[in-house]
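Here's the structure, in structure tokens; my notes come after.
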Amino acid sequence: MSQFYDSLKRFVSPGMMTNAARVVEEKEANISNAVSSIFASLLGVFAKDGTTPQIKNILTEAGNLDLLGNLEPLCQENPTVDQRRIGDSFLQSLLGDRAADFTAPIAKQAGISKVATNRLVSMLAPIFAGYFGKKVAKDGWSIRKIQDEIKNQKNTFIGMIPAELMSTFGLKDTLNAPSNEPVKKKNGWVTWLIIIILLILIIILWRSCRNRNTDTVANQRTMVTDTVRQARDNTRTMTSTASYSESQGTNTSNETRATTTMTLADGTTIHVYRNGTEQNILNFINSNDFKNASDKDLQNRWFEFDNIAFEFGSGTELKSGSRTQLNNIISILKNNKDVKVRVAAFADRRGSEDANMEVSKQRAKTIEKLLEEGGVGSQVVKVEGYGDEYAKHSANAPESQRVEDRDIALRFVK
């Protein structure tokens with residue numbers, strides 16, 4: 001049987017390595033080390049945490065798609081829609097809010113920036129998902145079989161996993177323990193009976209406390225008087241009606257959506273999606289609803305960006321293609337200098353509350369900075385990251401639902 005680690009690395013040709021180094025602006029030798037470390041680390045984390053229904057579904061879909069058919073564009077940051085969607089969904093399901101814990105040690109070990117490492121992880125994720133997806137969908141492998149084989153092959157890659165990452169993700173026990181070693185029988189059934197009873201009591205007590213805390217949090221959320229949640233729900237009915245992609249944070253059908261051009265007052269022509277964010281914003285600004293609205297009325301009119309997304313795990317780096325819509329928003333504001341806006345970023349409930357709050361704040365501030373660089377900073381009254389405060393879906397909800405809770409939006413202020 002071929003070794004997983006070597007097979008994964010063979011998918012990245014020398015030409016792809018060169019292109020990746022050029023794209024992320026790092027030395028090719030360092031990129032090569034990072035690629036090896038990323039694949040090794042993904043194998044380790046997958047061996048420990050890959051047994052979830054979401055991951056199995058993602059791999060099954062990946063195996064039924066031709067993700068490995070054309071890999072050259074990956075290292076030019078020009079993947080297919082399926083490659084990007086599957087890759088990002090796989091990383092989100094496997095790492096959740098631990099993306100920074102995953103990439104930081106790899107960046108340090110390889111001698112490249114964290115931003116470059118984030119971009120490399122996004123490039124390589126479709127390869128990892130496509131490779132193991134084929135084993136699941138075509139060869140009939142179970143996730144458990146893949147995990148056991150990864151553990152059996154640990155000596156081929158364990159040396160490339162950073163020690164800090166091994167510790168953070170608790171991989172030492174997973175990769176050092178023989179995967180098929182039989183459990184040794186021990187004497188003293190009375191002792192074990194007592195231990196089991198104690199464990200059951202602890203679980204009952206823990207569940208009781210958890211349910212109590214969950215009820216408290218739920219009650220607190222229903223008491224929130226801010227209109228953000230209601231406004232965002234209303235917004236979805238008046239902005240673009242196409243579906244959103246969890247992994248990209250952008251519209252999944254953007255490539256097939258109809259486009260149009262709009263000419264602004266100063267003669268600037270912008271290219272936008274028909275019935276998309278820019279068109280809705282302009283229509284609202286020019287309407288009597290906006291002219292006659294009070295600041296209180298405007299609290300219920302949020303406009304979600306439908307073509308702006310951030311790199312995986314980053315609160316500062318936009319995905320390629322996102323600046324088009326951002327530049328359109330800047331042009332619209334420049335042509336309406338009396339308009340003031342407020343920007344907000346939101347997260348779903350997957351991951352810790354602190355991590356979700358932090359990344360949403362970073363992304364809100366990044367949008368503020370880019371608007372300021374575009375010359376409309378004086379029109380931005382306030383930016384805020386809400387974390388998962390207004391998320392309406394649970395952490396275990398399907399990606400298609402949780403995506404509704406992760407977005408960036410703006411509203412007008414008077």
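Convention: chains lettered A, B, ... in structure tokens order; per-chain residue numbering from 1; ligands numbered from 1 as shown.
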
| Could you pull out all residues of range 264-359 of chain A with a DSSP call of strand (DSSP E) and give them as a list of chain:residue names? | A:Thr269, A:Ile270, A:His271, A:Val272, A:Tyr273, A:Phe303, A:Glu304, A:Lys340, A:Val341, A:Arg342, A:Val343, A:Ala344, A:Ala345

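Compared by their closest atoms to Ile332 in chain A, and using only C-alpha atoms, the residues A:Phe346, A:Phe284, A:Phe128, A:Phe102 rank with A:Phe284 nearest.
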
One decimal, in Å: what's the spacing between CA of Gly130 in chain A and CA of Glu164 in chain A?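 Calculated distance between CA of Gly130 in chain A and CA of Glu164 in chain A is 27.4 Å.
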
Contacts of Ala258 in chain A at 10 Å (only C-alpha atoms; same-chain gap of 6+ positions) as an NGL selection string = :A and (272-276)

One decimal place gives the CA of Trp192 in chain A-CA of Lys172 in chain A separation as 26.3 Å

Env of range 318-321 of chain A: 10 Å cut, atoms = only C-alpha atoms, seq-sep filter 3 positions within chain, self excluded. Answer as a list in words.
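Near neighbours after the sequence-gap exclusion: Glu77, Asn78, Arg119, Gln248, Gly249, Asn307, Ile308, Ala309, Phe310, Glu311, Phe312, Ser314, Gly315, Thr324, Gln325, Leu326, Arg363, Thr366 and Ile367 of chain A.
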
So that I can check the surroundings of Lys9 in chain A, please list as a short mmCIF file (atom, residue, chain, number, x, y, z; two decimals) with N, CA and C atoms, in the first residue's frame every protein, DNA and RNA residue that reaches within 8 Å of it, counting only C-alpha atoms and ignoring chain neighbours fewer than 2 positions away.
data_model
loop_
_atom_site.label_atom_id
_atom_site.label_comp_id
_atom_site.auth_asym_id
_atom_site.auth_seq_id
_atom_site.Cartn_x
_atom_site.Cartn_y
_atom_site.Cartn_z
N TYR A 5 1.30 10.04 3.08
CA TYR A 5 2.08 11.28 3.11
C TYR A 5 2.82 11.49 1.79
N ASP A 6 3.49 10.46 1.30
CA ASP A 6 4.23 10.58 0.04
C ASP A 6 3.28 10.79 -1.13
N SER A 7 2.14 10.12 -1.10
CA SER A 7 1.16 10.27 -2.19
C SER A 7 0.64 11.69 -2.26
N PHE A 11 1.26 15.04 -5.43
CA PHE A 11 0.29 15.85 -6.18
C PHE A 11 0.79 17.27 -6.43
N VAL A 12 1.72 17.72 -5.61
CA VAL A 12 2.25 19.08 -5.75
C VAL A 12 3.53 19.02 -6.59
N VAL A 35 4.71 22.97 2.83
CA VAL A 35 3.80 22.01 2.21
C VAL A 35 3.91 20.65 2.92
N SER A 36 5.14 20.22 3.17
CA SER A 36 5.35 18.95 3.86
C SER A 36 4.73 18.98 5.25
N PHE A 39 0.71 18.94 5.08
CA PHE A 39 0.16 17.62 4.83
C PHE A 39 0.32 16.71 6.05
#

- Message: Give me the residues near Asn155 in chain A as a list in words, where near means some atom within 12 Å (using only C-alpha atoms) and where sequence neighbours in that chain fewer than 2 positions away do not count.
- Response: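 Result of the neighbour search: Gln3, Phe4, Tyr5, Asp6, Ala40, Leu43, Gly44, Glu149, Ile150, Lys151, Asn152, Gln153, Phe157, Ile158, Gly159, Met160, Ile161, Leu175, Asn176 and Pro178 of chain A.
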
Residues of the last selection are to be written out with C-alpha atoms, as an mmCIF file, in the first residue's frame.
data_model
loop_
_atom_site.group_PDB
_atom_site.id
_atom_site.type_symbol
_atom_site.label_atom_id
_atom_site.label_comp_id
_atom_site.auth_asym_id
_atom_site.auth_seq_id
_atom_site.Cartn_x
_atom_site.Cartn_y
_atom_site.Cartn_z
ATOM 1 C CA GLN A 3 2.124 5.816 1.941
ATOM 2 C CA PHE A 4 -0.478 8.574 2.336
ATOM 3 C CA TYR A 5 2.078 11.276 3.110
ATOM 4 C CA ASP A 6 4.234 10.583 0.040
ATOM 5 C CA ALA A 40 1.745 15.924 7.842
ATOM 6 C CA LEU A 43 -2.883 13.756 8.617
ATOM 7 C CA GLY A 44 -2.300 13.980 12.353
ATOM 8 C CA GLU A 149 -3.902 3.406 8.433
ATOM 9 C CA ILE A 150 -2.665 6.941 9.136
ATOM 10 C CA LYS A 151 -1.611 5.798 12.607
ATOM 11 C CA ASN A 152 0.142 2.771 11.116
ATOM 12 C CA GLN A 153 2.054 5.090 8.767
ATOM 13 C CA PHE A 157 5.353 12.001 8.549
ATOM 14 C CA ILE A 158 5.333 12.557 12.310
ATOM 15 C CA GLY A 159 8.702 14.308 12.194
ATOM 16 C CA MET A 160 7.238 17.091 10.021
ATOM 17 C CA ILE A 161 4.511 18.033 12.516
ATOM 18 C CA LEU A 175 -0.011 8.993 16.934
ATOM 19 C CA ASN A 176 2.145 7.196 19.485
ATOM 20 C CA PRO A 178 -0.689 1.461 18.355
#

### Task
Would you kindly return, as a count of residues only, each protein, DNA or RNA residue with an atom no farther than 12 Å from any atom of Lys291 in chain A, considering only C-alpha atoms and excluding same-chain residues fewer than 3 positions away?
15

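For the residues A:Ala364, A:Leu91, A:Val341, A:Val376, ranking by smallest atom-to-atom distance to Ile55 in chain A using only C-alpha atoms places A:Leu91 first.
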
Using only C-alpha atoms, the shortest atom-to-atom distance to Leu171 in chain A among A:Phe290, A:Ile112, A:Asp49, A:Thr269 belongs to A:Asp49

Selected residue, from A:Gly375, A:Gly63, A:Pro53, A:Pro73, that lies nearest to Ser13 in chain A when counting only C-alpha atoms: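 Checking each candidate against Ser13 in chain A, we get A:Pro73 as the closest.
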
Leu120 in chain A proximity check over A:Leu205, A:Ala163, A:Ile143, A:Met16, using only C-alpha atoms: winner is A:Met16
